[in-house]
Each structure stands twice: as structure tokens, then as C-alpha cells.
>>> print(open('run.csv').read())   # CSV, C-alpha atoms
chain,number,residue,atom,x,y,z
A,25,MET,CA,-9.5,14.7,-0.2
A,26,ARG,CA,-6.3,12.8,0.7
A,27,MET,CA,-4.2,15.7,-0.7
A,28,ILE,CA,-6.0,18.2,1.5
A,29,PHE,CA,-5.5,16.0,4.6
A,30,ALA,CA,-1.8,15.4,3.9
A,31,THR,CA,-1.2,19.1,3.2
A,32,GLY,CA,-2.8,20.1,6.5
A,33,ILE,CA,-0.6,17.6,8.4
A,34,LEU,CA,2.5,18.9,6.7
A,35,PHE,CA,1.7,22.6,7.4
A,36,SER,CA,1.0,22.0,11.1
A,37,LEU,CA,4.2,20.0,11.5
A,38,VAL,CA,6.3,22.6,9.8
A,39,VAL,CA,5.0,25.3,12.1
A,40,SER,CA,5.6,23.2,15.2
A,41,GLY,CA,9.0,22.1,14.0
A,42,PHE,CA,10.3,25.7,13.4
A,43,SER,CA,8.9,26.9,16.7
A,44,GLN,CA,11.1,24.5,18.8
A,45,ASP,CA,14.4,25.5,20.4
A,46,ASN,CA,17.4,24.4,18.5
A,47,ARG,CA,18.8,22.5,21.5
A,48,VAL,CA,15.8,20.1,21.5
A,49,VAL,CA,16.7,16.6,20.2
A,50,LEU,CA,14.4,15.5,17.4
A,51,GLN,CA,12.7,12.2,18.3
A,52,ASN,CA,9.5,12.1,16.1
A,53,LYS,CA,8.9,12.0,12.4
A,54,MET,CA,5.8,12.1,10.2
A,55,SER,CA,6.2,10.8,6.7
A,56,VAL,CA,3.8,11.2,3.8
A,57,ASN,CA,4.2,8.5,1.1
A,58,LEU,CA,4.3,10.6,-2.1
A,59,PHE,CA,4.8,7.7,-4.6
A,60,SER,CA,5.0,3.9,-4.8
A,61,TYR,CA,5.3,1.3,-7.5
A,62,LEU,CA,3.6,-1.8,-6.1
A,63,GLN,CA,2.8,-5.3,-7.1
A,64,ARG,CA,-0.9,-6.2,-6.7
A,65,PRO,CA,-3.4,-8.7,-8.1
A,66,VAL,CA,-5.8,-6.1,-9.6
A,67,ILE,CA,-6.8,-8.3,-12.6
A,68,THR,CA,-7.9,-11.7,-11.5
A,69,ASP,CA,-5.1,-14.3,-11.6
A,70,ASN,CA,-2.7,-11.7,-13.0
A,71,ILE,CA,0.0,-10.0,-10.8
A,72,GLY,CA,0.9,-6.6,-12.2
A,73,TYR,CA,2.9,-3.5,-11.1
A,74,TYR,CA,1.1,-0.3,-10.6
A,75,PRO,CA,2.1,3.3,-9.6
A,76,MET,CA,0.3,4.9,-6.7
A,77,ALA,CA,0.5,8.5,-5.4
A,78,MET,CA,-0.2,10.0,-1.9
A,79,HIS,CA,-1.5,6.8,-0.3
A,80,GLY,CA,0.3,6.3,3.0
A,81,LEU,CA,1.4,7.8,6.3
A,82,ILE,CA,4.1,6.7,8.7
A,83,TYR,CA,4.8,8.0,12.2
A,84,THR,CA,8.3,7.2,13.5
A,85,ARG,CA,9.4,7.5,17.2
A,86,GLN,CA,13.1,7.2,18.3
A,87,ILE,CA,13.7,4.6,21.0
A,88,ALA,CA,17.5,4.6,21.0
A,89,MET,CA,20.4,5.9,19.0
A,90,ASN,CA,19.6,5.0,15.3
A,91,ARG,CA,16.7,2.8,16.4
A,92,TYR,CA,13.1,3.6,15.8
A,93,GLY,CA,9.6,2.2,16.2
A,94,ARG,CA,7.1,3.2,13.6
A,95,ALA,CA,3.3,2.9,12.9
A,96,ARG,CA,1.9,3.1,9.4
A,97,PHE,CA,-1.2,3.3,7.4
A,98,ASP,CA,-1.4,2.5,3.6
A,99,TYR,CA,-4.3,2.8,1.2
A,100,PHE,CA,-4.3,1.3,-2.3
A,101,GLN,CA,-7.1,1.5,-5.0
A,102,LYS,CA,-6.9,0.6,-8.7
A,103,ASN,CA,-9.8,0.4,-11.1
A,104,ILE,CA,-9.2,-1.1,-14.6
A,105,ASP,CA,-12.0,-0.9,-17.1
A,106,HIS,CA,-11.4,-2.3,-20.6
A,107,SER,CA,-15.1,-2.8,-21.4
A,108,ASP,CA,-16.4,-2.5,-24.9
A,109,PRO,CA,-20.0,-1.0,-24.9
A,110,GLU,CA,-20.5,-1.5,-28.6
A,111,LYS,CA,-20.0,-5.2,-28.2
A,112,HIS,CA,-21.8,-5.4,-24.9
A,113,TYR,CA,-18.7,-6.8,-23.3
A,114,LEU,CA,-17.6,-6.1,-19.8
A,115,ASP,CA,-14.0,-6.2,-18.6
A,116,VAL,CA,-13.9,-4.5,-15.2
A,117,HIS,CA,-11.4,-5.0,-12.3
A,118,LEU,CA,-11.2,-3.3,-9.0
A,119,TYR,CA,-8.8,-3.8,-6.1
A,120,THR,CA,-8.9,-1.8,-2.9
A,121,SER,CA,-6.9,-2.4,0.2
A,122,ILE,CA,-6.2,-0.8,3.6
A,123,LYS,CA,-3.1,-1.8,5.6
A,124,MET,CA,-2.4,-0.8,9.2
A,125,GLY,CA,0.4,-1.9,11.6
A,126,ALA,CA,3.7,-1.2,13.2
A,127,GLY,CA,7.3,-2.0,12.8
A,128,TYR,CA,11.0,-1.4,13.6
A,129,GLU,CA,13.6,0.7,11.8
A,130,GLN,CA,17.4,0.5,12.2
A,131,ARG,CA,19.5,3.3,10.6
A,132,PHE,CA,23.3,3.5,10.0
A,133,GLY,CA,25.6,6.4,10.2
A,134,GLU,CA,25.3,10.1,11.1
A,135,LYS,CA,25.8,11.6,7.6
A,136,LYS,CA,23.1,13.3,5.5
A,137,VAL,CA,22.6,10.1,3.5
A,138,LYS,CA,21.6,7.3,5.9
A,139,PRO,CA,20.9,3.7,4.8
A,140,TYR,CA,18.5,1.7,6.9
A,141,PHE,CA,16.6,-1.5,7.2
A,142,ALA,CA,13.1,-2.0,8.5
A,143,GLY,CA,10.4,-4.6,9.2
A,144,ASP,CA,6.7,-3.9,9.5
A,145,ILE,CA,3.8,-6.2,10.5
A,146,LEU,CA,0.6,-5.0,8.8
A,147,PHE,CA,-3.0,-6.2,9.0
A,148,THR,CA,-4.8,-6.1,5.6
A,149,ASN,CA,-8.4,-5.7,4.5
A,150,ALA,CA,-8.8,-5.9,0.7
A,151,LEU,CA,-11.7,-6.0,-1.7
A,152,LEU,CA,-11.5,-7.7,-5.1
A,153,TYR,CA,-14.1,-7.3,-7.7
A,154,SER,CA,-14.3,-8.3,-11.4
A,155,GLU,CA,-16.8,-8.6,-14.2
A,156,THR,CA,-15.9,-10.2,-17.5
A,157,GLY,CA,-18.0,-11.3,-20.6
A,158,GLY,CA,-21.4,-10.3,-21.8
A,159,ARG,CA,-24.3,-11.2,-24.1
A,160,ASP,CA,-22.3,-11.2,-27.4
A,161,ALA,CA,-19.5,-13.2,-25.8
A,162,GLY,CA,-21.8,-15.9,-24.6
A,163,THR,CA,-20.2,-16.0,-21.2
A,164,TYR,CA,-20.3,-13.9,-18.1
A,165,GLU,CA,-18.5,-14.0,-14.8
A,166,LYS,CA,-18.6,-11.8,-11.7
A,167,ARG,CA,-16.3,-12.4,-8.8
A,168,GLN,CA,-16.4,-10.4,-5.6
A,169,ALA,CA,-14.3,-11.3,-2.5
A,170,ARG,CA,-13.0,-9.9,0.7
A,171,GLN,CA,-9.5,-10.7,1.9
A,172,LEU,CA,-8.4,-10.4,5.6
A,173,GLY,CA,-4.9,-11.1,6.4
A,174,ILE,CA,-1.5,-10.2,8.0
A,175,SER,CA,1.8,-9.5,6.3
A,176,PHE,CA,5.4,-9.1,7.3
A,177,LEU,CA,7.4,-6.6,5.1
A,178,PRO,CA,11.2,-6.6,5.4
A,179,ALA,CA,12.6,-3.4,3.7
A,180,LEU,CA,15.8,-1.7,2.7
A,181,GLY,CA,15.9,2.1,2.4
A,182,ILE,CA,17.9,5.3,2.2
A,183,THR,CA,17.2,8.6,3.9
A,184,LEU,CA,18.4,12.0,2.6
A,185,GLN,CA,18.5,14.5,5.5
A,186,VAL,CA,18.0,17.9,3.8
A,187,SER,CA,17.8,19.9,7.0
A,188,ARG,CA,17.3,19.4,10.7
A,189,ILE,CA,13.5,19.1,10.0
A,190,VAL,CA,13.1,18.0,6.4
A,191,SER,CA,14.2,14.7,4.9
A,192,PHE,CA,13.3,12.3,2.1
A,193,SER,CA,13.3,8.5,2.1
A,194,VAL,CA,13.0,5.8,-0.6
A,195,GLU,CA,12.4,2.2,0.2
A,196,THR,CA,11.9,-1.2,-1.4
A,197,ASN,CA,10.4,-4.2,0.4
A,198,TYR,CA,9.2,-7.8,0.0
A,199,GLU,CA,5.9,-8.7,1.3
A,200,LEU,CA,5.3,-12.1,2.9
A,201,GLY,CA,1.8,-12.8,4.2
A,202,TYR,CA,-1.3,-14.9,4.8
A,203,ALA,CA,-4.9,-14.0,4.0
A,204,HIS,CA,-8.3,-15.6,4.1
A,205,GLU,CA,-10.5,-14.9,1.1
A,206,LYS,CA,-14.3,-15.1,1.2
A,207,GLY,CA,-16.9,-14.1,-1.5
A,208,THR,CA,-18.9,-15.3,-4.4
A,209,ASP,CA,-18.3,-16.3,-8.0
A,210,PHE,CA,-21.2,-16.1,-10.5
A,211,THR,CA,-20.6,-17.8,-13.8
A,212,TRP,CA,-23.0,-18.0,-16.8
A,213,THR,CA,-22.5,-19.7,-20.2
A,214,ALA,CA,-25.0,-19.7,-23.1
A,215,ASP,CA,-25.2,-23.5,-23.2
A,216,GLY,CA,-25.1,-24.1,-19.4
A,217,ILE,CA,-26.9,-23.4,-16.2
A,218,PRO,CA,-25.8,-20.2,-14.3
A,219,LEU,CA,-23.7,-21.1,-11.3
A,220,ASN,CA,-23.4,-19.0,-8.1
A,221,LYS,CA,-20.7,-20.6,-5.9
A,222,PRO,CA,-19.1,-19.3,-2.7
A,223,LEU,CA,-15.5,-18.5,-2.6
A,224,LYS,CA,-13.7,-19.5,0.5
A,225,HIS,CA,-10.0,-20.3,0.7
A,226,SER,CA,-6.7,-19.3,2.2
A,227,LEU,CA,-3.7,-18.0,0.3
A,228,PHE,CA,-0.1,-17.2,1.0
A,229,ILE,CA,1.2,-13.8,-0.3
A,230,HIS,CA,4.7,-13.2,-1.6
A,231,ARG,CA,5.4,-10.2,-3.7
A,232,TRP,CA,8.2,-7.6,-4.3
A,233,ASN,CA,7.4,-3.9,-4.3
A,234,PRO,CA,10.2,-2.1,-6.2
A,235,VAL,CA,9.4,1.3,-4.7
A,236,SER,CA,7.3,0.6,-1.6
A,237,LEU,CA,7.6,4.3,-0.6
A,238,LEU,CA,9.1,7.6,-1.7
A,239,ALA,CA,8.4,9.8,1.4
A,240,PHE,CA,8.5,13.4,2.4
A,241,GLU,CA,9.3,13.6,6.1
A,242,LEU,CA,9.1,16.2,8.8
A,243,SER,CA,10.9,15.8,12.2
A,244,PHE,CA,9.7,17.4,15.3
>>> encode(input="run.csv", output="C-alpha cells")
Amino acid sequence: MRMIFATGILFSLVVSGFSQDNRVVLQNKMSVNLFSYLQRPVITDNIGYYPMAMHGLIYTRQIAMNRYGRARFDYFQKNIDHSDPEKHYLDVHLYTSIKMGAGYEQRFGEKKVKPYFAGDILFTNALLYSETGGRDAGTYEKRQARQLGISFLPALGITLQVSRIVSFSVETNYELGYAHEKGTDFTWTADGIPLNKPLKHSLFIHRWNPVSLLAFELSF
């Protein structure tokens, strides 16, 4: 579904871009994030790096020479299931997040290869779910939590201008943020009483995303 949506946007922008007069100064750009390699806490208490494809859109608007404002939307979902049905053992982890916000981009130079730095402020809504253990293991734990927060992402990137309309960008960033987590933690052991306790705490986020985006871009 995401692929169809992105393809439709790209097609419409290509048509509108080529229909413009050559004297028109390009001031807008739509970017589709083709690939990222991101750091996320998919498995409980374990930070890992995960590839992700076709999961974001960025709209960029020129505000001055080499200065741009941008709005972005990012979606991430990873499901890891290492369960063993023969041993009746569960090992399931799910992490889903939606990020939306805006930022600033400063580019340097007028050549085809243009370095830039950017900074985005994004609001985050994330769902964390995990189940581990089972009957044969003698223990079982299920955790489900919702995270609401805000992050600041300073970034460094390079843009390759293929033509007047088409370009590609690659970017790396470091995420600094704050989130409030709320949910439940159900724990059972064979020799104890099942516990169902609420999860409610705040956390600070700091993580490096080696490839925060590899984007295909259309200017119009």
C-alpha cells in the first residue's frame, strides 16, 4: 500500500515538473525515503540497528538562497518472532512508531554535489509490545506500552543533483528526545503469584541513525 501511494505521488510530480516553463525557479521538493538503517529498541532493553524501506516523506520549501524549511512524516515497524512452538515458548517483539514534524535545512554550494546540514523537531507516537516465556519455561512476561514524546534530530547530508528536477540525498542524524511511557507489565512464575503492574515512567532518548534517509527527490 505504501509503495502504491509513493508511486502515485512520484508520477504526479514528474508530470507537473516537466510541464513547467524552463524559466521558472524551482522552490519545492518532495522526497520519498527509499531506505534507512535506524537504531530502535525493538527487543526490550536491547538497542539494535534495523533496515527499513519506503517509510517516509519529506516536503521541502525554499525560503532563501540555499535555505529551506521542511515538513516530514516517518513510519517504522519491526516485528521479531523467535518463538518455538514445539517447546511452547514465546519470544515475540513488536515496535511501531509514527513521527511527524518540521525542520530547517541549510545547503552549501551550487554544484551537482551539495553538502547540507539540517535539524528537525518531530513528535513521536510509538507502540512497544513483547511476550516472552511459556509453560515449559516456567515463566511468562507480557509488556505493552505506548510512548509519546518529542525529539530533535540534527543531521548531515549530501545531495546529488541529477537534473533540474531529479535528485538523490543521503543523510545521517543523531536523535535527542524525551518520551513518556505508559502501559502494563504482566509477569508470571511457576512458584509465584502472577503480577500485573502498570508501567509509567519518563525516558530520555539518544541514538545515532547511520543512514537516516536515502531519498529520491523531485523538484517542482
>>> atom_distance(input="run.csv", atom1="CA of Ala142 in chain A", atom2="CA of Asn233 in chain A")
14.1 Å
>>> closest_atom_pairs(input="run.csv", of="range 105-142 of chain A", to="range 179-184 of chain A", cutoff="8 Å", atoms="all atoms listed in the file", output="JSON lines")
{"residue": "A:Lys136", "atom": "CA", "partner": "A:Leu184", "partner_atom": "CA", "distance": 5.7}
{"residue": "A:Val137", "atom": "CA", "partner": "A:Leu184", "partner_atom": "CA", "distance": 4.7}
{"residue": "A:Lys138", "atom": "CA", "partner": "A:Thr183", "partner_atom": "CA", "distance": 5.0}
{"residue": "A:Pro139", "atom": "CA", "partner": "A:Ile182", "partner_atom": "CA", "distance": 4.3}
{"residue": "A:Tyr140", "atom": "CA", "partner": "A:Gly181", "partner_atom": "CA", "distance": 5.2}
{"residue": "A:Phe141", "atom": "CA", "partner": "A:Leu180", "partner_atom": "CA", "distance": 4.6}
{"residue": "A:Ala142", "atom": "CA", "partner": "A:Ala179", "partner_atom": "CA", "distance": 5.0}
>>> residues_around(input="run.csv", residues="Lys224 in chain A", least_positions_apart="3", cutoff="9 Å", atoms="all atoms listed in the file", output="PyMOL selection string")
chain A and resi 169+204-208
>>> atom_distance(input="run.csv", atom1="CA of Thr68 in chain A", atom2="CA of Arg159 in chain A")
20.7 Å
>>> atom_distance(input="run.csv", atom1="CA of Ser243 in chain A", atom2="CA of Ser187 in chain A")
9.6 Å
>>> residues_near_point(input="run.csv", point="(8.8, 0.8, -7.2)", cutoff="10 Å", atoms="only C-alpha atoms", output="number ranges by chain")
A: 59-63, 73-76, 194-197, 232-238
>>> closest_residue(input="run.csv", among="A:Arg64, A:Lys135, A:Arg167, A:Arg96", to="Asp115 in chain A", atoms="all atoms listed in the file")
A:Arg167
>>> closest_residue(input="run.csv", among="A:Ala161, A:Val66, A:Val186, A:Leu152", to="Asp209 in chain A", atoms="only C-alpha atoms")
A:Leu152
>>> residues_around(input="run.csv", residues="Pro65 in chain A", least_positions_apart="2", cutoff="12 Å", atoms="all atoms listed in the file", output="tab-separated table (two decimals) with C-alpha atoms, keeping the file's coordinate frame")
chain	number	residue	atom	x	y	z
A	62	LEU	CA	3.60	-1.80	-6.10
A	63	GLN	CA	2.80	-5.30	-7.10
A	67	ILE	CA	-6.80	-8.30	-12.60
A	68	THR	CA	-7.90	-11.70	-11.50
A	69	ASP	CA	-5.10	-14.30	-11.60
A	70	ASN	CA	-2.70	-11.70	-13.00
A	71	ILE	CA	0.00	-10.00	-10.80
A	72	GLY	CA	0.90	-6.60	-12.20
A	73	TYR	CA	2.90	-3.50	-11.10
A	74	TYR	CA	1.10	-0.30	-10.60
A	100	PHE	CA	-4.30	1.30	-2.30
A	101	GLN	CA	-7.10	1.50	-5.00
A	102	LYS	CA	-6.90	0.60	-8.70
A	103	ASN	CA	-9.80	0.40	-11.10
A	104	ILE	CA	-9.20	-1.10	-14.60
A	117	HIS	CA	-11.40	-5.00	-12.30
A	118	LEU	CA	-11.20	-3.30	-9.00
A	119	TYR	CA	-8.80	-3.80	-6.10
A	120	THR	CA	-8.90	-1.80	-2.90
A	121	SER	CA	-6.90	-2.40	0.20
A	150	ALA	CA	-8.80	-5.90	0.70
A	151	LEU	CA	-11.70	-6.00	-1.70
A	152	LEU	CA	-11.50	-7.70	-5.10
A	153	TYR	CA	-14.10	-7.30	-7.70
A	154	SER	CA	-14.30	-8.30	-11.40
A	171	GLN	CA	-9.50	-10.70	1.90
A	229	ILE	CA	1.20	-13.80	-0.30
A	230	HIS	CA	4.70	-13.20	-1.60
A	231	ARG	CA	5.40	-10.20	-3.70
>>> build_atoms(input="run.csv", residues="range 89-107 of chain A", atoms="N, CA, C and O atoms", output="compact mmCIF listing (two decimals), keeping the file's coordinate frame")
# COMPACT_ATOMS: atom_id res chain seq x y z
N MET A 89 19.59 5.29 20.02
CA MET A 89 20.40 5.90 19.00
C MET A 89 20.28 5.02 17.68
O MET A 89 20.58 3.83 17.67
N ASN A 90 19.77 5.66 16.62
CA ASN A 90 19.60 5.00 15.30
C ASN A 90 18.57 3.88 15.32
O ASN A 90 18.52 3.09 14.38
N ARG A 91 17.77 3.80 16.36
CA ARG A 91 16.70 2.80 16.40
C ARG A 91 15.37 3.43 16.62
O ARG A 91 15.22 4.32 17.46
N TYR A 92 14.40 2.95 15.85
CA TYR A 92 13.10 3.60 15.80
C TYR A 92 11.97 2.59 15.78
O TYR A 92 12.09 1.53 15.16
N GLY A 93 10.88 2.94 16.41
CA GLY A 93 9.60 2.20 16.20
C GLY A 93 8.75 3.06 15.30
O GLY A 93 8.85 4.29 15.28
N ARG A 94 7.91 2.40 14.51
CA ARG A 94 7.10 3.20 13.60
C ARG A 94 5.69 2.52 13.43
O ARG A 94 5.54 1.30 13.52
N ALA A 95 4.69 3.37 13.21
CA ALA A 95 3.30 2.90 12.90
C ALA A 95 2.96 3.47 11.54
O ALA A 95 3.34 4.59 11.19
N ARG A 96 2.23 2.68 10.77
CA ARG A 96 1.90 3.10 9.40
C ARG A 96 0.53 2.75 8.97
O ARG A 96 -0.10 1.83 9.48
N PHE A 97 0.07 3.53 7.98
CA PHE A 97 -1.20 3.30 7.40
C PHE A 97 -1.04 3.45 5.85
O PHE A 97 -0.47 4.42 5.36
N ASP A 98 -1.50 2.45 5.10
CA ASP A 98 -1.40 2.50 3.60
C ASP A 98 -2.76 2.21 3.02
O ASP A 98 -3.54 1.37 3.50
N TYR A 99 -3.04 2.94 1.94
CA TYR A 99 -4.30 2.80 1.20
C TYR A 99 -3.96 2.60 -0.28
O TYR A 99 -3.16 3.35 -0.84
N PHE A 100 -4.57 1.59 -0.91
CA PHE A 100 -4.30 1.30 -2.30
C PHE A 100 -5.68 1.11 -3.02
O PHE A 100 -6.53 0.36 -2.52
N GLN A 101 -5.88 1.74 -4.19
CA GLN A 101 -7.10 1.50 -5.00
C GLN A 101 -6.73 1.61 -6.47
O GLN A 101 -6.11 2.58 -6.90
N LYS A 102 -7.12 0.61 -7.22
CA LYS A 102 -6.90 0.60 -8.70
C LYS A 102 -8.11 0.05 -9.36
O LYS A 102 -8.58 -1.03 -9.04
N ASN A 103 -8.63 0.80 -10.34
CA ASN A 103 -9.80 0.40 -11.10
C ASN A 103 -9.38 0.30 -12.59
O ASN A 103 -8.95 1.30 -13.17
N ILE A 104 -9.49 -0.87 -13.19
CA ILE A 104 -9.20 -1.10 -14.60
C ILE A 104 -10.41 -1.48 -15.35
O ILE A 104 -11.05 -2.48 -15.02
N ASP A 105 -10.78 -0.69 -16.35
CA ASP A 105 -12.00 -0.90 -17.10
C ASP A 105 -11.65 -0.95 -18.61
O ASP A 105 -11.38 0.09 -19.20
N HIS A 106 -11.67 -2.14 -19.20
CA HIS A 106 -11.40 -2.30 -20.60
C HIS A 106 -12.68 -2.79 -21.35
O HIS A 106 -12.62 -3.50 -22.36
N SER A 107 -13.83 -2.40 -20.84
CA SER A 107 -15.10 -2.80 -21.40
C SER A 107 -15.30 -2.24 -22.82
O SER A 107 -14.75 -1.17 -23.15
